[in-house]
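Novice: Below you will find the structure I want to go over with you.
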Amino acid sequence: MLFYMLKFKFDWFGGGTKEDWWFGISPEGFGTVAMIINFTVSIIISKFTPEPPKEVQEIVANIRIPSGAGNATH
């Protein structure tokens with residue numbers, strides 16, 4: 001994504017024209033493609049890796065809701 005933006009928006013790496021865009025996707029629109037790829041890779045990797053240990057899960061839960069914080073108001 002960064003390479004694509006630098007190449008076509010800022011004329012780095014030899015620049016390029018509209019005819020050189022990959023699959024006809026503009027540099028601005030390529031961010032959407034990169035986002036979809038990133039989400040897909042993240043989901044696939046999370047399916048093949050084990051859950052974190054319980055103590056790590058508890059640390060994350062305590063960061064989200066600190067002990068003694070009480071109920072939310074307004």
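Chain lettering (A, B, ...) mirrors the order of the structure tokens, residue numbering begins at 1 for each chain separately, and ligand numbering begins at 1 in order of display.
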Can you tell me, as a PDB file with C-alpha atoms, in the first residue's frame, what residues are no more than 7 Å from region 1-17 of chain A when counting only C-alpha atoms, ignoring any on the same chain fewer than 6 positions away?
Specialist:
ATOM      1  CA  PRO A  27      -3.982   5.181  -5.322  1.00  0.00           C
ATOM      2  CA  PHE A  30      -6.030   1.018  -3.150  1.00  0.00           C
ATOM      3  CA  GLY A  31      -6.348   1.649   0.602  1.00  0.00           C
ATOM      4  CA  ALA A  34      -5.133  -3.163   1.410  1.00  0.00           C
TER       5      ALA A  34
END
Novice: Identify all residues of region 7-57 of chain A in helix (DSSP H, G or I) (DSSP on the backbone) and supply them as a PyMOL selection string.
Specialist: chain A and resi 7-9+18-20+22-24+30-48+54-57
Novice: Please compute the CA of Asn62 (chain A)-CA of Ser46 (chain A) distance, one decimal, in Å.
Specialist: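 So the two atoms, CA of Asn62 (chain A) and CA of Ser46 (chain A), lie 22.2 Å apart.
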